[in-house]
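Engineer: Quick one: the structure is below, questions incoming.
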Amino acid sequence: MEALGLVEIKGFLGAVAAADAALKTADVVLLNAEVIKGGQTTIQLTGDVAAVKVAVDSATAVAENLNCLLSSHVIPRMADDTAKMVMESVKKKQASKPNKVKEIKPEPVKEEVTEVKEVKPEPAKTEKKNSDVKKEKNTKKKPKTNKK
């Protein structure tokens, strides 16, 4: 390990957003996102010194915008004992996770088929068209009135 970047954040949402920004900004590796009591999360990043500094700055900016930054720090060249301490906590976290993946077997699907009967439409009732109505009006005789 060349450098270690630490960003402490209040809340899981801020931690995810900050880690995402850090990983997209520079070529760093996310070692751990350690959840501490009280909703506090510490993001641990490693990589080249310059990349870790840029990533921590990016994560810090995002966390400040979300108003959840507690603190941040970059250790440029860790001592061997410090690196062992960090790696042991990462290994403990990985060991506590179950590695077994539960296999899900598909169940057969039962299909129910219902018979569909064809329904024939009834003939539509015909209504008189406008042209037929006009013809009827013209064929009726009008009474003659005598006007003088």
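For the structure tokens, the naming scheme is as follows: chains receive sequential letters (A, B, ...) according to their order of presentation, residues are indexed from 1 within each chain, and ligands are indexed from 1 in presentation order.
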Among stretch 9-136 of chain A, which residues does DSSP mark as strand (DSSP E or B) when it is run on the backbone? Keep the chain and numbering as in the structure and answer as an MDAnalysis selection string.
Structural biologist: chainID A and resid 9:10 28:36 40:47 69:75
Engineer: Could you save the residues just selected, with C-alpha atoms, as a tab-separated table (two decimals), in the first residue's frame?
Structural biologist:
chain	number	residue	atom	x	y	z
A	9	ILE	CA	-19.37	10.46	6.95
A	10	LYS	CA	-22.63	10.69	8.86
A	28	VAL	CA	-8.18	4.05	-6.31
A	29	VAL	CA	-9.46	0.91	-4.63
A	30	LEU	CA	-12.21	0.89	-2.03
A	31	LEU	CA	-10.78	-1.16	0.82
A	32	ASN	CA	-13.69	-0.93	3.17
A	33	ALA	CA	-16.76	1.05	4.09
A	34	GLU	CA	-16.86	0.48	7.82
A	35	VAL	CA	-20.18	1.20	9.46
A	36	ILE	CA	-19.74	2.48	12.99
A	40	GLN	CA	-21.23	6.93	11.10
A	41	THR	CA	-19.38	5.34	8.15
A	42	THR	CA	-15.66	5.45	7.35
A	43	ILE	CA	-14.66	5.00	3.73
A	44	GLN	CA	-11.16	3.58	3.29
A	45	LEU	CA	-9.42	4.09	-0.05
A	46	THR	CA	-5.98	3.02	-1.22
A	47	GLY	CA	-3.77	3.69	-4.24
A	69	LEU	CA	-19.00	15.16	6.22
A	70	LEU	CA	-17.40	14.53	9.60
A	71	SER	CA	-13.69	14.43	8.69
A	72	SER	CA	-11.18	13.26	6.10
A	73	HIS	CA	-7.49	12.41	6.07
A	74	VAL	CA	-4.82	11.04	3.72
A	75	ILE	CA	-1.82	9.04	4.94
Engineer: Taking the backbone alone, and naming residues the way the document does, which bits of stretch 70-112 of chain A are helix (DSSP H, G or I) by DSSP, as a JSON list (two decimals) with all heavy atoms, in the first residue's frame?
Structural biologist:
[["chain", "number", "residue", "atom", "x", "y", "z"],
["A", 80, "ASP", "N", 4.43, 0.06, 8.16],
["A", 80, "ASP", "CA", 4.05, -1.34, 7.98],
["A", 80, "ASP", "C", 3.03, -1.80, 9.02],
["A", 80, "ASP", "O", 2.08, -2.51, 8.69],
["A", 80, "ASP", "CB", 5.29, -2.24, 8.02],
["A", 80, "ASP", "CG", 6.19, -2.04, 6.81],
["A", 80, "ASP", "OD1", 5.67, -1.58, 5.76],
["A", 80, "ASP", "OD2", 7.40, -2.34, 6.91],
["A", 81, "ASP", "N", 3.21, -1.39, 10.25],
["A", 81, "ASP", "CA", 2.27, -1.80, 11.30],
["A", 81, "ASP", "C", 0.88, -1.21, 11.08],
["A", 81, "ASP", "O", -0.13, -1.86, 11.34],
["A", 81, "ASP", "CB", 2.80, -1.37, 12.68],
["A", 81, "ASP", "CG", 4.04, -2.15, 13.08],
["A", 81, "ASP", "OD1", 4.25, -3.25, 12.51],
["A", 81, "ASP", "OD2", 4.80, -1.67, 13.94],
["A", 82, "THR", "N", 0.84, 0.02, 10.59],
["A", 82, "THR", "CA", -0.46, 0.65, 10.29],
["A", 82, "THR", "C", -1.15, -0.10, 9.15],
["A", 82, "THR", "O", -2.35, -0.35, 9.20],
["A", 82, "THR", "CB", -0.27, 2.13, 9.91],
["A", 82, "THR", "OG1", 0.49, 2.78, 10.92],
["A", 82, "THR", "CG2", -1.60, 2.82, 9.74],
["A", 83, "ALA", "N", -0.40, -0.45, 8.13],
["A", 83, "ALA", "CA", -0.97, -1.20, 7.01],
["A", 83, "ALA", "C", -1.50, -2.55, 7.47],
["A", 83, "ALA", "O", -2.58, -2.99, 7.04],
["A", 83, "ALA", "CB", 0.09, -1.39, 5.93],
["A", 84, "LYS", "N", -0.77, -3.22, 8.39],
["A", 84, "LYS", "CA", -1.25, -4.50, 8.92],
["A", 84, "LYS", "C", -2.57, -4.33, 9.67],
["A", 84, "LYS", "O", -3.49, -5.13, 9.53],
["A", 84, "LYS", "CB", -0.20, -5.12, 9.86],
["A", 84, "LYS", "CG", 0.97, -5.74, 9.17],
["A", 84, "LYS", "CD", 1.95, -6.30, 10.18],
["A", 84, "LYS", "CE", 3.23, -6.76, 9.54],
["A", 84, "LYS", "NZ", 4.21, -7.25, 10.55],
["A", 85, "MET", "N", -2.65, -3.27, 10.48],
["A", 85, "MET", "CA", -3.86, -3.02, 11.25],
["A", 85, "MET", "C", -5.06, -2.80, 10.33],
["A", 85, "MET", "O", -6.13, -3.37, 10.53],
["A", 85, "MET", "CB", -3.67, -1.78, 12.14],
["A", 85, "MET", "CG", -4.89, -1.41, 12.95],
["A", 85, "MET", "SD", -4.71, 0.13, 13.85],
["A", 85, "MET", "CE", -4.83, 1.32, 12.53],
["A", 86, "VAL", "N", -4.86, -2.02, 9.28],
["A", 86, "VAL", "CA", -5.95, -1.75, 8.34],
["A", 86, "VAL", "C", -6.35, -3.02, 7.61],
["A", 86, "VAL", "O", -7.54, -3.33, 7.48],
["A", 86, "VAL", "CB", -5.54, -0.64, 7.34],
["A", 86, "VAL", "CG1", -6.56, -0.49, 6.23],
["A", 86, "VAL", "CG2", -5.35, 0.69, 8.07],
["A", 87, "MET", "N", -5.37, -3.78, 7.16],
["A", 87, "MET", "CA", -5.68, -5.00, 6.41],
["A", 87, "MET", "C", -6.33, -6.06, 7.28],
["A", 87, "MET", "O", -7.18, -6.81, 6.81],
["A", 87, "MET", "CB", -4.41, -5.55, 5.74],
["A", 87, "MET", "CG", -3.90, -4.67, 4.61],
["A", 87, "MET", "SD", -5.17, -4.19, 3.41],
["A", 87, "MET", "CE", -5.56, -5.75, 2.68],
["A", 88, "GLU", "N", -5.98, -6.12, 8.57],
["A", 88, "GLU", "CA", -6.61, -7.07, 9.47],
["A", 88, "GLU", "C", -8.10, -6.75, 9.65],
["A", 88, "GLU", "O", -8.93, -7.65, 9.67],
["A", 88, "GLU", "CB", -5.90, -7.09, 10.83],
["A", 88, "GLU", "CG", -4.60, -7.85, 10.81],
["A", 88, "GLU", "CD", -3.88, -7.80, 12.16],
["A", 88, "GLU", "OE1", -4.48, -7.37, 13.16],
["A", 88, "GLU", "OE2", -2.70, -8.18, 12.19],
["A", 89, "SER", "N", -8.44, -5.47, 9.75],
["A", 89, "SER", "CA", -9.85, -5.11, 9.90],
["A", 89, "SER", "C", -10.63, -5.43, 8.63],
["A", 89, "SER", "O", -11.79, -5.85, 8.69],
["A", 89, "SER", "CB", -10.00, -3.64, 10.28],
["A", 89, "SER", "OG", -9.66, -2.79, 9.20],
["A", 90, "VAL", "N", -9.99, -5.27, 7.48],
["A", 90, "VAL", "CA", -10.64, -5.61, 6.22],
["A", 90, "VAL", "C", -10.84, -7.12, 6.12],
["A", 90, "VAL", "O", -11.90, -7.61, 5.73],
["A", 90, "VAL", "CB", -9.82, -5.09, 5.01],
["A", 90, "VAL", "CG1", -10.37, -5.62, 3.70],
["A", 90, "VAL", "CG2", -9.81, -3.57, 5.01],
["A", 91, "LYS", "N", -9.83, -7.89, 6.51],
["A", 91, "LYS", "CA", -9.92, -9.36, 6.47],
["A", 91, "LYS", "C", -10.99, -9.88, 7.43],
["A", 91, "LYS", "O", -11.71, -10.82, 7.11],
["A", 91, "LYS", "CB", -8.57, -10.00, 6.78],
["A", 91, "LYS", "CG", -7.57, -9.85, 5.65],
["A", 91, "LYS", "CD", -6.23, -10.44, 6.02],
["A", 91, "LYS", "CE", -5.22, -10.22, 4.91],
["A", 91, "LYS", "NZ", -3.89, -10.69, 5.27],
["A", 92, "LYS", "N", -11.10, -9.27, 8.61],
["A", 92, "LYS", "CA", -12.13, -9.68, 9.57],
["A", 92, "LYS", "C", -13.53, -9.46, 8.98],
["A", 92, "LYS", "O", -14.42, -10.28, 9.14],
["A", 92, "LYS", "CB", -12.00, -8.91, 10.87],
["A", 92, "LYS", "CG", -10.88, -9.38, 11.76],
["A", 92, "LYS", "CD", -10.84, -8.56, 13.04],
["A", 92, "LYS", "CE", -9.64, -8.93, 13.89],
["A", 92, "LYS", "NZ", -9.55, -8.09, 15.11],
["A", 93, "LYS", "N", -13.68, -8.34, 8.33],
["A", 93, "LYS", "CA", -14.99, -8.03, 7.74],
["A", 93, "LYS", "C", -15.33, -9.04, 6.64],
["A", 93, "LYS", "O", -16.44, -9.52, 6.54],
["A", 93, "LYS", "CB", -15.02, -6.61, 7.18],
["A", 93, "LYS", "CG", -16.36, -6.20, 6.64],
["A", 93, "LYS", "CD", -16.39, -4.78, 6.20],
["A", 93, "LYS", "CE", -17.77, -4.43, 5.67],
["A", 93, "LYS", "NZ", -17.86, -3.04, 5.25],
["A", 94, "GLN", "N", -14.34, -9.37, 5.81],
["A", 94, "GLN", "CA", -14.57, -10.33, 4.74],
["A", 94, "GLN", "C", -14.82, -11.72, 5.29],
["A", 94, "GLN", "O", -15.61, -12.48, 4.74],
["A", 94, "GLN", "CB", -13.38, -10.34, 3.78],
["A", 94, "GLN", "CG", -13.27, -9.08, 2.96],
["A", 94, "GLN", "CD", -12.01, -9.04, 2.11],
["A", 94, "GLN", "OE1", -11.09, -9.84, 2.30],
["A", 94, "GLN", "NE2", -11.96, -8.10, 1.20],
["A", 95, "ALA", "N", -14.16, -12.08, 6.38],
["A", 95, "ALA", "CA", -14.34, -13.41, 6.97],
["A", 95, "ALA", "C", -15.71, -13.55, 7.62],
["A", 95, "ALA", "O", -16.27, -14.64, 7.66],
["A", 95, "ALA", "CB", -13.25, -13.67, 8.01],
["A", 96, "SER", "N", -16.27, -12.44, 8.10],
["A", 96, "SER", "CA", -17.58, -12.51, 8.75],
["A", 96, "SER", "C", -18.72, -12.64, 7.74],
["A", 96, "SER", "O", -19.83, -13.03, 8.10],
["A", 96, "SER", "CB", -17.79, -11.28, 9.62],
["A", 96, "SER", "OG", -17.90, -10.12, 8.82]]
Engineer: So the first atom is atom CA of A:Val62 and the second is atom CA of A:Val7; what is the distance between them in Å, to one decimal place?
Structural biologist: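 So the two atoms, atom CA of A:Val62 and atom CA of A:Val7, lie 11.1 Å apart.
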Engineer: Have a look at A:Val52, A:Ala59, A:Cys68, A:Leu4 and name the one nearest to A:Ala21; count only C-alpha atoms.
Structural biologist: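 Under the stated criterion, the closest residue is A:Ala59.
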Engineer: From the set A:Val49, A:Leu66, A:Ala26, A:Ala19, which residue has the shortest atom-to-atom contact distance to A:Met78, counting only C-alpha atoms?
Structural biologist: A:Val49
Engineer: Grab the atom CA of A:Asp27 to atom CA of A:Asn65 distance for me, in Å with one decimal place.
Structural biologist: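 Computing the Euclidean distance for atom CA of A:Asp27 and atom CA of A:Asn65 yields 22.6 Å.
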Engineer: As an exercise, work out the distance from atom CA of A:Val56 to atom CA of A:Ala22 in Å and give it to one decimal place.
Structural biologist: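 Those two atoms sit 6.2 Å apart.
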